[in-house]
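Step one of this worksheet: look at the structure below.
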Amino acid sequence: MEENKYEGLNLPNYNIPEDIQNVVSITTLDRLYNWGRRWSVWPLMFGLACCAIEMIAAQTARYDMARFGMEVMRPTPRQADMMLVSGTVTKKMLPSIIRLYNQMPEPKYVVAMGACASSGGPFKEGYNVVAGIDKFLPVDVYIPGCPPTPQALIAGMIKLQEKIDKQSIKKVRWYEKGKVDSNYVPMPILGPDLIDVRRNAEYKEAAAKKEGVA
Amino acid sequence: MTAPDSTTTIDLVARFPDFVTADARPGFSGFIVKKENLVEVATTLRDEFGFDLLSNVTGVDYLADNKMEVVYHLHRTTGGPGLVIKVQVERVDPVEVPSLIDVWAGADFQEREAWDLMGIKFIGHPDLRRILMWEGFEGHPLRKDYKEAFFEEEVKPFKSRWPDGKHTYAEFKNPFRDNLKFPEGFDPDKYAPQSEDDLYFSLERSSMKKEEGDLNTDHIVVNMGPHHPSTHGVLRVAVELDGETITSLKPVMGYLHRNHDKIGERNTYLQIIPYTDRLDYFNSMANNFGYVTTVEKLMNIPVAERAEYIRVIMAELSRVQNHLIFIGMLINDLGSMYTPSLYAFEERELILDIFEAVSGARMMCNYFRFGGVVRDIPEDAMQKIKDLVFDRLQAKTDEMERFLNENEVLVARLQGVHVLNAEEAIHHSVTGPVLRAAGVPYDLRRADPYSVYDRFDFDVAVRYNGDMYDNYLIRFDEIRQSLRILEQALKQIPEGPINSQKPQYQVRVPAGEAYGRIESPKGELGFYVVSNGKPNPYRYHVRAPSFVNLTAVETMCKGVKIADFVALLAMLDIVMGEVDR
């Protein structure tokens, strides 16, 4: 039997007559939907630091991320599906990142590439460094390394594809009523330090406590 | 070993007996100038003694002595050792020092950085805003009494993170469980963030004057970046436009400010080496080179002979791949997306293979050690280097030149577009290929030789028109010269040990200061290290070529069309890791 080209798409255990195997597939809507999405994840063209260079290297001839449908880097967030946070997130840069994320249409994914984006990495102790983008954005895949090699990046991308495979069109948040903007992240403010407006009450409480002691 | 940087026959004390004294602290050198007379001394040094290039400006906070010191490193573009002058002021708030921006325009950004991070106010600076942090940030982080939110201990190595069998996180020590710190009584609801008016006012102030009889048109302000495909990372540029012509321009940076200086002052000397990798992340080998050269100067130790050659080989390979990427990216910015850069990356991968073979990492090599390198080049990697240098890279460079140099579009976009002339370049402390393309043959490998560069026969690449096309061609010239050096180094490399010292976890560095500089692919990469005899440096400052070269971008871009600005920015070959540090 000829090898079935649409392996990821077909449901197993259906006997499709041999002569129409190349033109007919039997599958579920979920599977078709995810199959289309997983092979065309368009990353936001967005480099932060050292990791961005490895991201470029992964796009070039030797590693060729185009094999996974991820070569279409979009400089505008309006056309991107996935934000690859490739490098150290600084407090000064954070509002721009959040704004970009909020401007991305659903479905959207965040991949934290490298130690810095995952946790702050070697620069965690710095006064201008955010200790991991996951303090603000919901991260789907973490890729360890400093910087991760292009192979590691591609492995992370495959993990993202696997995650997409498991989603169901009935349950995804972007089709649920009233949940379209559920991933909106309020903009942090650059004050004497980074002000995460979601935590304002906490800051006030701390200030009050300090005054009480003094 | 080269002689200490500031060895000089100039006797400044004799020239200015009233307000100049020699720095007599052991291990220190140079002259201490009274702050009232700083501008006078600086002008004399520039005009009479020929120190036309202001390499480095930085501050040191001597908290125990209640003193702030501003250090200036001066050099001559004709070569030779440099001169250090210092100003010491009492540590009151604010610390005030006269600005040298009128003597050397290259002081502009460096003084702003010293203001931002150390709180030194430069009187007479026309645009003294924060440069790396944002306006409104609390405190001057490089002062010794500034403690970060995640502050644990003064120096590394820290105590165990595994006391009593339980892991602790830095977050546990902070009330917000995050990298946050607020002034006392801070109320977020009442806080009004500072607007960016200062930036736009300064943009307007430096806007070009309209000529008599011009049409009265409105100017618009465009912000490019920090997220923009052609600003080479997270640089932001505020541009004022008259139609398509740039009338004024201010770069805004700090979006990748990762606090190298502050973290470096806590690290041990050895722990800093991997951090230097992440400065200019295209050239980790060159960064390593600059840092270890500086510390070796302080420690006064020899470098193993074989290691010197290995260092040169790695640094030159790094230069070759940097320039190849530069060419690819430049042409990307000119609008020919991807094809040339794919060719460039193909060669880069082969060079990275060598880096991986010797150091274990493609990009962040962490390969140099004090007194040598960490391990020898394996036999098969050596063969790979030889194949590349003697065979492949020559041919590929020829190929690229054949395809590109006479390309009609490329020539039309580049030829005759003025970048900088020699005078402007020197005045703005521009170094590296941009300076050499303006006709100044200033290459540290020749002007102030370090390592074993004095043993090789090579030409300093120089071009004279100072336009974009020359800036582009000089990169090819430099690749060829690098290959020439590589050929000689590969033929001459001796057998022997690769480190003059025993492998050690902590090095002993005597008290003193050192300013070491090397010719990185981007320009003069300098490190200023002050030691007080302890296992970690008292002051660690990086003089990044990308950062200082960016000082000239305003001069370069005024009056050009916005479409050319993207190419001009590519021409400076900046890397944000180095600009923001």
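For the structure tokens, the naming scheme is as follows: chains receive sequential letters (A, B, ...) according to their order of presentation, residues are indexed from 1 within each chain, and ligands are indexed from 1 in presentation order.
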
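Residues from chain A found within 7 Å of chain B are Phe46, Gly47, Leu48, Ala49, Cys50, Thr60, Ala61, Pro75, Thr90, Lys92, Met93, Phe123, Glu125, Gly126, Tyr127, Asn128, Val129, Val130, Ala131, Leu190, Gly191, Pro192, Asp193, Leu194, Asn200, Lys204, Ala207, Ala208 and Glu211 of chain A, counting only C-alpha atoms.
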
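Residues in contact with A:Val85 at 7 Å, where only C-alpha atoms are counted and same-chain residues fewer than 4 positions away are skipped, are listed as Val111, Ala112, Met113 and Ala117 of chain A.
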
Convert the current residue selection to file output with all heavy atoms, as a PDB file, in the first residue's frame.
```pdb
ATOM      1  N   VAL A 111       6.103  31.605  23.230  1.00  0.00           N
ATOM      2  CA  VAL A 111       7.199  30.681  23.492  1.00  0.00           C
ATOM      3  C   VAL A 111       8.315  31.468  24.155  1.00  0.00           C
ATOM      4  O   VAL A 111       8.752  32.488  23.637  1.00  0.00           O
ATOM      5  CB  VAL A 111       7.696  30.030  22.186  1.00  0.00           C
ATOM      6  CG1 VAL A 111       8.912  29.166  22.459  1.00  0.00           C
ATOM      7  CG2 VAL A 111       6.606  29.201  21.549  1.00  0.00           C
ATOM      8  N   ALA A 112       8.746  31.014  25.313  1.00  0.00           N
ATOM      9  CA  ALA A 112       9.864  31.664  25.996  1.00  0.00           C
ATOM     10  C   ALA A 112      11.132  30.960  25.580  1.00  0.00           C
ATOM     11  O   ALA A 112      11.352  29.809  25.929  1.00  0.00           O
ATOM     12  CB  ALA A 112       9.674  31.602  27.505  1.00  0.00           C
ATOM     13  N   MET A 113      11.956  31.673  24.803  1.00  0.00           N
ATOM     14  CA  MET A 113      13.182  31.051  24.304  1.00  0.00           C
ATOM     15  C   MET A 113      14.348  31.448  25.195  1.00  0.00           C
ATOM     16  O   MET A 113      14.630  32.628  25.361  1.00  0.00           O
ATOM     17  CB  MET A 113      13.429  31.514  22.872  1.00  0.00           C
ATOM     18  CG  MET A 113      14.662  30.914  22.256  1.00  0.00           C
ATOM     19  SD  MET A 113      14.976  31.591  20.639  1.00  0.00           S
ATOM     20  CE  MET A 113      16.413  30.653  20.165  1.00  0.00           C
ATOM     21  N   ALA A 117      14.314  34.624  29.059  1.00  0.00           N
ATOM     22  CA  ALA A 117      12.878  34.773  28.885  1.00  0.00           C
ATOM     23  C   ALA A 117      12.120  33.852  29.822  1.00  0.00           C
ATOM     24  O   ALA A 117      11.010  34.149  30.244  1.00  0.00           O
ATOM     25  CB  ALA A 117      12.502  34.495  27.432  1.00  0.00           C
TER      26      ALA A 117
END
```

### Query
Which residues come within 10 Å of B:Gly106, counting only C-alpha atoms, excluding same-chain residues fewer than 3 positions away, as a list in words?
Leu53, Leu54, Ser55, Asn56, Val57, Leu100, Ile101, Asp102, Val103, Phe109, Gln110, Glu111, Glu424, Ala425, Ile426, His427, His428, Ser429, Val430, Val548, Asn549, Leu550, Thr551 and Ala552 of chain B

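In this comparison, which uses only C-alpha atoms, the residue of B:Arg76, B:Lys156, B:Arg91, B:Lys173 approaching B:Arg143 most closely is B:Arg91.
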
### Task
Find the residues near B:Tyr200: any atom within 12 Å, counting only C-alpha atoms, skip ones fewer than 5 places away on the same chain, and give them as a PyMOL selection string.
chain B and resi 127+129+195+205-207+220-223+237-240+248-252

Residues as selected, N, CA, C and O atoms, written as an mmCIF file, in the first residue's frame, can you do that?
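Output file selection04.cif is given in full below:
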```cif
data_model
loop_
_atom_site.group_PDB
_atom_site.id
_atom_site.type_symbol
_atom_site.label_atom_id
_atom_site.label_comp_id
_atom_site.auth_asym_id
_atom_site.auth_seq_id
_atom_site.Cartn_x
_atom_site.Cartn_y
_atom_site.Cartn_z
ATOM 1 N N ASP B 127 21.868 68.065 26.867
ATOM 2 C CA ASP B 127 20.751 67.121 26.778
ATOM 3 C C ASP B 127 20.945 66.005 27.801
ATOM 4 O O ASP B 127 21.014 64.832 27.462
ATOM 5 N N ARG B 129 19.750 63.735 29.770
ATOM 6 C CA ARG B 129 18.629 62.896 30.196
ATOM 7 C C ARG B 129 19.166 61.529 30.552
ATOM 8 O O ARG B 129 20.281 61.183 30.212
ATOM 9 N N SER B 195 6.157 61.900 31.361
ATOM 10 C CA SER B 195 5.961 61.847 29.912
ATOM 11 C C SER B 195 7.319 61.927 29.225
ATOM 12 O O SER B 195 8.338 62.172 29.857
ATOM 13 N N ARG B 205 14.816 70.932 19.708
ATOM 14 C CA ARG B 205 15.928 71.863 19.907
ATOM 15 C C ARG B 205 17.014 71.655 18.871
ATOM 16 O O ARG B 205 17.586 72.587 18.338
ATOM 17 N N SER B 206 17.322 70.383 18.607
ATOM 18 C CA SER B 206 18.443 70.139 17.702
ATOM 19 C C SER B 206 17.993 70.033 16.253
ATOM 20 O O SER B 206 18.750 69.621 15.398
ATOM 21 N N SER B 207 16.751 70.398 16.012
ATOM 22 C CA SER B 207 16.248 70.329 14.644
ATOM 23 C C SER B 207 16.966 71.339 13.750
ATOM 24 O O SER B 207 17.325 72.421 14.193
ATOM 25 N N ILE B 220 6.841 66.210 11.216
ATOM 26 C CA ILE B 220 6.200 65.153 11.994
ATOM 27 C C ILE B 220 7.263 64.336 12.719
ATOM 28 O O ILE B 220 8.401 64.229 12.265
ATOM 29 N N VAL B 221 6.866 63.800 13.842
ATOM 30 C CA VAL B 221 7.783 62.973 14.624
ATOM 31 C C VAL B 221 7.374 61.514 14.475
ATOM 32 O O VAL B 221 6.213 61.167 14.643
ATOM 33 N N VAL B 222 8.339 60.705 14.107
ATOM 34 C CA VAL B 222 8.081 59.271 13.948
ATOM 35 C C VAL B 222 8.967 58.521 14.929
ATOM 36 O O VAL B 222 10.145 58.819 15.059
ATOM 37 N N ASN B 223 8.370 57.593 15.634
ATOM 38 C CA ASN B 223 9.160 56.733 16.512
ATOM 39 C C ASN B 223 9.380 55.400 15.830
ATOM 40 O O ASN B 223 8.433 54.694 15.521
ATOM 41 N N VAL B 237 14.369 54.855 17.782
ATOM 42 C CA VAL B 237 14.866 56.117 17.279
ATOM 43 C C VAL B 237 13.689 57.066 17.101
ATOM 44 O O VAL B 237 12.714 56.730 16.438
ATOM 45 N N ALA B 238 13.770 58.218 17.721
ATOM 46 C CA ALA B 238 12.759 59.234 17.510
ATOM 47 C C ALA B 238 13.256 60.156 16.398
ATOM 48 O O ALA B 238 14.335 60.720 16.490
ATOM 49 N N VAL B 239 12.494 60.237 15.335
ATOM 50 C CA VAL B 239 12.930 60.973 14.157
ATOM 51 C C VAL B 239 11.957 62.100 13.879
ATOM 52 O O VAL B 239 10.742 61.899 13.916
ATOM 53 N N GLU B 240 12.492 63.277 13.611
ATOM 54 C CA GLU B 240 11.638 64.374 13.167
ATOM 55 C C GLU B 240 11.825 64.537 11.669
ATOM 56 O O GLU B 240 12.951 64.622 11.182
ATOM 57 N N SER B 248 15.855 65.997 12.416
ATOM 58 C CA SER B 248 16.428 65.803 13.740
ATOM 59 C C SER B 248 16.193 64.351 14.147
ATOM 60 O O SER B 248 15.225 63.741 13.718
ATOM 61 N N LEU B 249 17.078 63.848 14.987
ATOM 62 C CA LEU B 249 16.999 62.429 15.300
ATOM 63 C C LEU B 249 17.642 62.158 16.652
ATOM 64 O O LEU B 249 18.681 62.722 16.963
ATOM 65 N N LYS B 250 16.978 61.368 17.463
ATOM 66 C CA LYS B 250 17.571 60.987 18.755
ATOM 67 C C LYS B 250 17.381 59.492 18.962
ATOM 68 O O LYS B 250 16.263 59.001 18.942
ATOM 69 N N PRO B 251 18.470 58.764 19.153
ATOM 70 C CA PRO B 251 18.301 57.362 19.508
ATOM 71 C C PRO B 251 17.891 57.225 20.972
ATOM 72 O O PRO B 251 18.335 57.996 21.820
ATOM 73 N N VAL B 252 17.019 56.289 21.241
ATOM 74 C CA VAL B 252 16.605 55.997 22.612
ATOM 75 C C VAL B 252 16.987 54.553 22.873
ATOM 76 O O VAL B 252 16.600 53.666 22.120
#
```

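Atom CA of B:Tyr472 lies 9.9 Å from atom CA of B:Ile331.
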
### Task
Name the residues in contact with A:Val185 at a cut-off of 8 Å, using only C-alpha atoms, excluding same-chain residues fewer than 6 positions from it; report them as a count of residues only.
4

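For the set B:Val312, B:Ile123, B:Ile474, B:Val411, the residue with the smallest atom-to-atom gap to B:Gly432 is B:Ile474, counting only C-alpha atoms.
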
### Contact residues around B:Pro545 with only C-alpha atoms at 6 Å, ignoring same-chain residues under 6 positions, as a ChimeraX atom specification
/B:522-525

Residues of the last selection are to be written out with C-alpha atoms, as a PDB file, in the first residue's frame.
```pdb
ATOM      1  CA  LYS B 522      32.888  46.964  15.650  1.00  0.00           C
ATOM      2  CA  GLY B 523      35.585  49.257  16.902  1.00  0.00           C
ATOM      3  CA  GLU B 524      37.518  49.874  20.061  1.00  0.00           C
ATOM      4  CA  LEU B 525      36.278  47.529  22.735  1.00  0.00           C
TER       5      LEU B 525
END
```

### Query
In stretch 105-156 of chain A, what's strand (DSSP E) per DSSP? Answer as a list in words?
Tyr109, Val110, Val111, Ala112, Met113, Val141, Tyr142 and Ile143 of chain A

### Query
as number ranges by chain, which residues of stretch 16-131 of chain A does DSSP assign to alpha helix (DSSP H)?
A: 29-38, 50-59, 94-103, 114-119

### B:Asn66 surroundings by only C-alpha atoms, 7 Å radius, close-in-sequence under 2 positions cut, as a list of chain:residue names
B:Tyr62, B:Leu63, B:Ala64, B:Glu90, B:Arg91

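Take atom CA of A:Pro107 and atom CA of A:Asn34: the distance between them is 11.3 Å.
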